[in-house]
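S.K.: Supplied structure: start_25.cif, mmCIF, C-alpha atoms and all ligand atoms.
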```
data_entry
loop_
_atom_site.group_PDB
_atom_site.id
_atom_site.type_symbol
_atom_site.label_atom_id
_atom_site.label_comp_id
_atom_site.auth_asym_id
_atom_site.auth_seq_id
_atom_site.Cartn_x
_atom_site.Cartn_y
_atom_site.Cartn_z
ATOM 1 C CA MET F 1470 -41.270 26.479 -35.695
ATOM 2 C CA ILE F 1471 -38.803 24.137 -37.375
ATOM 3 C CA GLU F 1472 -35.259 24.602 -36.139
ATOM 4 C CA GLU F 1473 -32.530 25.432 -38.609
ATOM 5 C CA THR F 1474 -29.448 23.218 -38.728
ATOM 6 C CA ILE F 1475 -25.820 23.649 -39.716
ATOM 7 C CA PHE F 1476 -26.926 22.994 -43.304
ATOM 8 C CA SER F 1477 -28.817 26.314 -43.386
ATOM 9 C CA LYS F 1478 -25.580 28.074 -42.457
ATOM 10 C CA ILE F 1479 -23.712 26.212 -45.226
ATOM 11 C CA ILE F 1480 -26.407 27.145 -47.764
ATOM 12 C CA LYS F 1481 -26.168 30.808 -46.728
ATOM 13 C CA HIS F 1482 -22.335 30.656 -46.725
ATOM 14 C CA GLU F 1483 -22.308 31.583 -43.048
ATOM 15 C CA THR F 1484 -19.993 28.681 -42.254
ATOM 16 C CA SER F 1485 -17.343 26.935 -44.290
ATOM 17 C CA ALA F 1486 -17.970 23.873 -46.422
ATOM 18 C CA ASP F 1487 -16.629 22.472 -49.668
ATOM 19 C CA VAL F 1488 -19.556 23.594 -51.809
ATOM 20 C CA LEU F 1489 -19.531 22.022 -55.287
ATOM 21 C CA TYR F 1490 -22.789 23.337 -56.661
ATOM 22 C CA GLN F 1491 -25.549 25.788 -55.805
ATOM 23 C CA ASP F 1492 -28.576 27.089 -57.639
ATOM 24 C CA GLU F 1493 -31.911 28.605 -56.625
ATOM 25 C CA LEU F 1494 -33.252 25.263 -55.341
ATOM 26 C CA VAL F 1495 -30.417 23.110 -54.011
ATOM 27 C CA THR F 1496 -26.865 23.135 -52.673
ATOM 28 C CA ALA F 1497 -24.293 20.323 -52.850
ATOM 29 C CA PHE F 1498 -21.196 20.050 -50.663
ATOM 30 C CA ARG F 1499 -18.753 17.407 -49.485
ATOM 31 C CA ASP F 1500 -19.606 15.510 -46.300
ATOM 32 C CA ILE F 1501 -17.311 16.533 -43.468
ATOM 33 C CA PHE F 1502 -16.886 12.866 -42.377
ATOM 34 C CA PRO F 1503 -16.813 11.005 -45.698
ATOM 35 C CA LYS F 1504 -17.875 7.344 -45.617
ATOM 36 C CA ALA F 1505 -16.558 6.709 -49.148
ATOM 37 C CA PRO F 1506 -13.940 8.323 -51.420
ATOM 38 C CA VAL F 1507 -16.759 10.422 -52.886
ATOM 39 C CA HIS F 1508 -19.357 11.494 -50.310
ATOM 40 C CA ILE F 1509 -21.409 14.511 -51.229
ATOM 41 C CA LEU F 1510 -24.608 15.854 -49.674
ATOM 42 C CA ILE F 1511 -27.288 17.426 -51.857
ATOM 43 C CA VAL F 1512 -29.766 19.519 -49.882
ATOM 44 C CA PRO F 1513 -32.784 21.716 -50.619
ATOM 45 C CA ASN F 1514 -32.134 25.410 -49.988
ATOM 46 C CA ILE F 1515 -35.357 25.560 -47.992
ATOM 47 C CA LEU F 1516 -35.662 23.693 -44.722
ATOM 48 C CA ILE F 1517 -37.608 20.450 -45.011
ATOM 49 C CA SER F 1518 -36.745 18.528 -41.856
ATOM 50 C CA THR F 1519 -37.513 14.940 -42.892
ATOM 51 C CA VAL F 1520 -39.000 13.032 -45.813
ATOM 52 C CA ASN F 1521 -42.227 12.940 -43.749
ATOM 53 C CA GLU F 1522 -42.590 16.690 -44.365
ATOM 54 C CA VAL F 1523 -42.264 16.412 -48.153
ATOM 55 C CA LYS F 1524 -45.247 17.885 -50.019
ATOM 56 C CA TYR F 1525 -46.311 17.965 -53.668
ATOM 57 C CA GLU F 1526 -45.043 21.549 -53.855
ATOM 58 C CA HIS F 1527 -41.520 20.248 -53.204
ATOM 59 C CA GLU F 1528 -41.425 17.991 -56.263
ATOM 60 C CA GLN F 1529 -39.345 20.414 -58.354
ATOM 61 C CA ILE F 1530 -36.750 20.644 -55.606
ATOM 62 C CA LEU F 1531 -36.643 16.876 -55.150
ATOM 63 C CA GLY F 1532 -36.269 16.371 -58.885
ATOM 64 C CA ARG F 1533 -33.426 18.888 -58.964
ATOM 65 C CA MET F 1534 -31.643 16.896 -56.243
ATOM 66 C CA PHE F 1535 -31.495 13.934 -58.641
ATOM 67 C CA THR F 1536 -30.449 16.084 -61.604
ATOM 68 C CA VAL F 1537 -27.603 17.538 -59.562
ATOM 69 C CA ALA F 1538 -26.603 14.069 -58.304
ATOM 70 C CA ALA F 1539 -26.279 12.884 -61.915
ATOM 71 C CA LYS F 1540 -24.270 15.983 -62.866
ATOM 72 C CA ILE F 1541 -21.884 15.596 -59.936
ATOM 73 C CA ALA F 1542 -21.453 11.864 -60.652
ATOM 74 C CA ILE F 1543 -20.101 12.850 -64.076
ATOM 75 C CA GLU F 1544 -17.820 15.509 -62.604
ATOM 76 C CA GLU F 1545 -16.491 13.118 -59.953
ATOM 77 C CA ASN F 1546 -15.917 10.452 -62.608
ATOM 78 C CA ILE F 1547 -18.058 7.823 -60.860
ATOM 79 C CA LYS F 1548 -20.911 7.670 -63.356
ATOM 80 C CA ASP F 1549 -19.938 4.419 -65.053
ATOM 81 C CA ASP F 1550 -18.664 2.469 -62.054
ATOM 82 C CA GLY F 1551 -21.755 3.518 -60.138
ATOM 83 C CA TYR F 1552 -22.727 5.102 -56.890
ATOM 84 C CA ARG F 1553 -25.398 5.056 -54.213
ATOM 85 C CA LEU F 1554 -27.979 7.709 -53.306
ATOM 86 C CA VAL F 1555 -29.284 7.551 -49.738
ATOM 87 C CA VAL F 1556 -31.844 9.613 -47.837
ATOM 88 C CA ASN F 1557 -32.245 8.782 -44.150
ATOM 89 C CA CYS F 1558 -35.469 9.504 -42.273
ATOM 90 C CA ASN F 1559 -35.668 9.725 -38.479
ATOM 91 C CA LYS F 1560 -33.949 7.662 -35.842
ATOM 92 C CA ASN F 1561 -34.202 4.116 -37.191
ATOM 93 C CA ALA F 1562 -32.356 5.244 -40.324
ATOM 94 C CA GLY F 1563 -29.809 7.182 -38.266
ATOM 95 C CA GLN F 1564 -30.790 10.667 -39.469
ATOM 96 C CA GLU F 1565 -28.527 13.116 -37.639
ATOM 97 C CA ILE F 1566 -29.271 16.386 -39.391
ATOM 98 C CA TYR F 1567 -32.936 17.390 -39.601
ATOM 99 C CA HIS F 1568 -32.712 19.126 -42.970
ATOM 100 C CA ILE F 1569 -33.304 16.528 -45.655
ATOM 101 C CA HIS F 1570 -30.280 15.608 -47.698
ATOM 102 C CA MET F 1571 -29.343 13.096 -50.335
ATOM 103 C CA HIS F 1572 -26.026 11.312 -49.763
ATOM 104 C CA LEU F 1573 -24.114 10.653 -52.995
ATOM 105 C CA LEU F 1574 -21.602 7.891 -52.238
ATOM 106 C CA GLY F 1575 -19.102 6.370 -54.627
ATOM 107 C CA GLY F 1576 -15.525 5.932 -55.701
ATOM 108 C CA THR F 1577 -15.247 2.367 -54.378
ATOM 109 C CA LEU F 1578 -17.212 -0.862 -54.209
ATOM 110 C CA LEU F 1579 -19.835 0.051 -51.618
ATOM 111 C CA GLY F 1580 -20.904 -3.470 -50.710
ATOM 112 C CA PRO F 1581 -24.366 -4.549 -49.651
ATOM 113 C CA MET F 1582 -26.864 -1.877 -48.663
ATOM 114 C CA LEU F 1583 -27.206 -2.939 -44.996
HETATM 115 P P1 LIG G 1601 -27.585 11.787 -41.793
HETATM 116 O O1 LIG G 1601 -27.090 10.753 -40.804
HETATM 117 O O2 LIG G 1601 -28.405 12.860 -41.131
HETATM 118 O O3 LIG G 1601 -28.278 11.158 -42.972
HETATM 119 O O4 LIG G 1601 -26.280 12.444 -42.388
HETATM 120 C C1 LIG G 1601 -25.763 13.642 -41.934
HETATM 121 C C2 LIG G 1601 -24.402 13.810 -42.586
HETATM 122 O O5 LIG G 1601 -23.998 15.150 -42.425
HETATM 123 C C3 LIG G 1601 -23.311 12.918 -41.992
HETATM 124 O O6 LIG G 1601 -22.760 12.089 -43.004
HETATM 125 C C4 LIG G 1601 -22.302 13.912 -41.430
HETATM 126 O O7 LIG G 1601 -20.978 13.506 -41.598
HETATM 127 C C5 LIG G 1601 -22.613 15.183 -42.226
HETATM 128 N N1 LIG G 1601 -22.336 16.418 -41.521
HETATM 129 C C6 LIG G 1601 -22.685 16.721 -40.248
HETATM 130 N N2 LIG G 1601 -22.291 17.963 -39.918
HETATM 131 C C7 LIG G 1601 -21.679 18.466 -41.029
HETATM 132 C C8 LIG G 1601 -21.064 19.726 -41.304
HETATM 133 O O8 LIG G 1601 -20.994 20.635 -40.482
HETATM 134 N N3 LIG G 1601 -20.551 19.888 -42.547
HETATM 135 C C9 LIG G 1601 -20.598 18.901 -43.491
HETATM 136 N N4 LIG G 1601 -20.068 19.165 -44.682
HETATM 137 N N5 LIG G 1601 -21.182 17.708 -43.262
HETATM 138 C C10 LIG G 1601 -21.710 17.482 -42.048
#
```
What would the structure in this file look like if it were written as structure tokens?
Ligand code: 5GP

M.R.:
Amino acid sequence: MIEETIFSKIIKHETSADVLYQDELVTAFRDIFPKAPVHILIVPNILISTVNEVKYEHEQILGRMFTVAAKIAIEENIKDDGYRLVVNCNKNAGQEIYHIHMHLLGGTLLGPML
């Protein structure tokens, strides 16, 4: 069985988080340790632990993650200056939370990717 993470509790409102958006597929909330002036996590409401577990049946959810990223970029006023979307997978990428999530980072010049 796949183990639930703190993100499941945030999705179910069982623990506090600055939730910006939620619908039947995804939830978006501010990162607790922001690495940029805007740092938001967009997560599927169902537990998919890493990108390696993504299946064709998840495509609607994954598409919604991008739609919500674009919507939040407008709301956070970072659309035109730009932003970065990051999804880490497993240890070499530094994945800490095993519930896939898209980082939306912006609000400053982010510099080179690595
Ligand atoms: P990863 O390294 O797995 O791609 O990113 C995990 C992110 O989750 C990190 O940026 C970390 O700051 C954030 N994070 C970890 N625990 C919590 C939490 O309890 N609440 C919130 N809002 N963010 C968290």

S.K.: Here is a test: counting all atoms listed in the file, which residue of F:Leu1489, F:Ile1541, F:Ile1511, F:Val1495 is nearest to F:Val1556?

M.R.: F:Ile1511

S.K.: Within 7 Å of ligand LIG 1601 (chain G) (counting all atoms listed in the file), which residues show up? I'd like them as a ChimeraX atom specification.

M.R.: /F:1475-1476,1486-1487,1498-1503,1556-1557,1563-1567,1570

S.K.: Restricting the calculation to all atoms listed in the file, which member of F:Glu1545, F:Asp1492, F:Glu1522, F:Glu1473 is positioned closest to F:Asn1559?

M.R.: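 Between F:Glu1545, F:Asp1492, F:Glu1522, F:Glu1473, the residue approaching F:Asn1559 most closely is F:Glu1522.
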
S.K.: Have a look at F:Cys1558, F:Tyr1490, F:Gly1580, F:Ile1543 and name the one nearest to F:Ala1505; count all atoms listed in the file.

M.R.: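 Among the listed residues, F:Gly1580 lies closest to F:Ala1505.
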
S.K.: Determine the nearest neighbour of F:Asn1514 from the options F:Lys1540, F:Lys1548, F:His1482, F:Lys1560, counting all atoms listed in the file.

M.R.: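 Looking only at the distances to F:Asn1514, the closest residue turns out to be F:His1482.
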
S.K.: Rank nothing, just name the residue among F:Asn1546, F:Ser1477, F:Ser1518, F:Gln1491 nearest to F:Met1534, using all atoms listed in the file.

M.R.: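 The shortest atom-to-atom distance to F:Met1534 comes from F:Gln1491.
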
S.K.: Which residue is closest to F:Ala1562? Choose from F:Gly1576, F:Lys1504, F:Val1520, F:Glu1544 and count all atoms listed in the file.

M.R.: F:Val1520

S.K.: Decode the PyMOL selection byres (((chain F and resi 1535) around 12) and not hetatm) for the given file into explicit residues and return them as a PyMOL selection string.

M.R.: chain F and resi 1494-1497+1510-1513+1528-1534+1536-1542+1553-1556+1570-1573

S.K.: Generate the coordinates of all heavy atoms for stretch 1477-1488 of chain F; report them as a compact mmCIF listing (two decimals), in the coordinates of the input.

M.R.:
```
# COMPACT_ATOMS: atom_id res chain seq x y z
N SER F 1477 -28.33 24.98 -43.01
CA SER F 1477 -28.82 26.31 -43.39
C SER F 1477 -27.66 27.30 -43.44
O SER F 1477 -27.59 28.15 -44.33
CB SER F 1477 -29.87 26.82 -42.39
OG SER F 1477 -31.03 26.05 -42.50
N LYS F 1478 -26.76 27.17 -42.48
CA LYS F 1478 -25.58 28.07 -42.46
C LYS F 1478 -24.68 27.81 -43.67
O LYS F 1478 -24.12 28.74 -44.25
CB LYS F 1478 -24.79 27.88 -41.16
CG LYS F 1478 -25.48 28.44 -39.94
CD LYS F 1478 -24.45 28.55 -38.81
CE LYS F 1478 -24.90 29.47 -37.70
NZ LYS F 1478 -26.06 28.97 -36.97
N ILE F 1479 -24.53 26.54 -44.05
CA ILE F 1479 -23.71 26.21 -45.23
C ILE F 1479 -24.37 26.80 -46.47
O ILE F 1479 -23.71 27.42 -47.31
CB ILE F 1479 -23.53 24.68 -45.35
CG1 ILE F 1479 -22.63 24.17 -44.21
CG2 ILE F 1479 -22.95 24.30 -46.72
CD1 ILE F 1479 -22.51 22.66 -44.11
N ILE F 1480 -25.67 26.64 -46.59
CA ILE F 1480 -26.41 27.14 -47.76
C ILE F 1480 -26.24 28.66 -47.87
O ILE F 1480 -26.08 29.20 -48.97
CB ILE F 1480 -27.90 26.75 -47.65
CG1 ILE F 1480 -28.05 25.24 -47.81
CG2 ILE F 1480 -28.77 27.50 -48.66
CD1 ILE F 1480 -29.35 24.69 -47.26
N LYS F 1481 -26.27 29.34 -46.73
CA LYS F 1481 -26.17 30.81 -46.73
C LYS F 1481 -24.71 31.29 -46.69
O LYS F 1481 -24.46 32.48 -46.53
CB LYS F 1481 -26.93 31.38 -45.53
CG LYS F 1481 -28.45 31.21 -45.68
CD LYS F 1481 -29.21 31.89 -44.56
CE LYS F 1481 -29.51 30.93 -43.46
NZ LYS F 1481 -30.28 31.46 -42.33
N HIS F 1482 -23.77 30.34 -46.76
CA HIS F 1482 -22.34 30.66 -46.72
C HIS F 1482 -21.95 31.37 -45.43
O HIS F 1482 -21.08 32.23 -45.42
CB HIS F 1482 -21.91 31.48 -47.95
CG HIS F 1482 -22.28 30.80 -49.25
ND1 HIS F 1482 -21.53 29.79 -49.81
CD2 HIS F 1482 -23.34 30.97 -50.07
CE1 HIS F 1482 -22.11 29.38 -50.93
NE2 HIS F 1482 -23.22 30.07 -51.11
N GLU F 1483 -22.63 31.00 -44.35
CA GLU F 1483 -22.31 31.58 -43.05
C GLU F 1483 -21.29 30.73 -42.29
O GLU F 1483 -20.84 31.13 -41.22
CB GLU F 1483 -23.58 31.76 -42.22
CG GLU F 1483 -24.50 32.84 -42.79
CD GLU F 1483 -25.85 32.91 -42.10
OE1 GLU F 1483 -26.10 32.12 -41.16
OE2 GLU F 1483 -26.66 33.75 -42.51
N THR F 1484 -21.05 29.53 -42.82
CA THR F 1484 -19.99 28.68 -42.25
C THR F 1484 -19.32 27.97 -43.42
O THR F 1484 -19.89 27.87 -44.51
CB THR F 1484 -20.58 27.69 -41.22
OG1 THR F 1484 -19.51 27.06 -40.53
CG2 THR F 1484 -21.46 26.65 -41.87
N SER F 1485 -18.11 27.48 -43.17
CA SER F 1485 -17.34 26.94 -44.29
C SER F 1485 -17.78 25.51 -44.63
O SER F 1485 -18.19 24.74 -43.76
CB SER F 1485 -15.86 26.97 -43.98
OG SER F 1485 -15.59 26.09 -42.92
N ALA F 1486 -17.70 25.21 -45.90
CA ALA F 1486 -17.97 23.87 -46.42
C ALA F 1486 -17.41 23.84 -47.83
O ALA F 1486 -17.23 24.89 -48.46
CB ALA F 1486 -19.47 23.58 -46.43
N ASP F 1487 -17.14 22.63 -48.30
CA ASP F 1487 -16.63 22.47 -49.67
C ASP F 1487 -17.83 22.38 -50.61
O ASP F 1487 -18.29 21.29 -50.95
CB ASP F 1487 -15.74 21.22 -49.73
CG ASP F 1487 -15.02 21.10 -51.06
OD1 ASP F 1487 -15.25 21.94 -51.95
OD2 ASP F 1487 -14.22 20.16 -51.19
N VAL F 1488 -18.33 23.53 -50.98
CA VAL F 1488 -19.56 23.59 -51.81
C VAL F 1488 -19.17 23.37 -53.28
O VAL F 1488 -18.31 24.06 -53.83
CB VAL F 1488 -20.27 24.95 -51.63
CG1 VAL F 1488 -21.48 25.05 -52.57
CG2 VAL F 1488 -20.71 25.14 -50.18
```
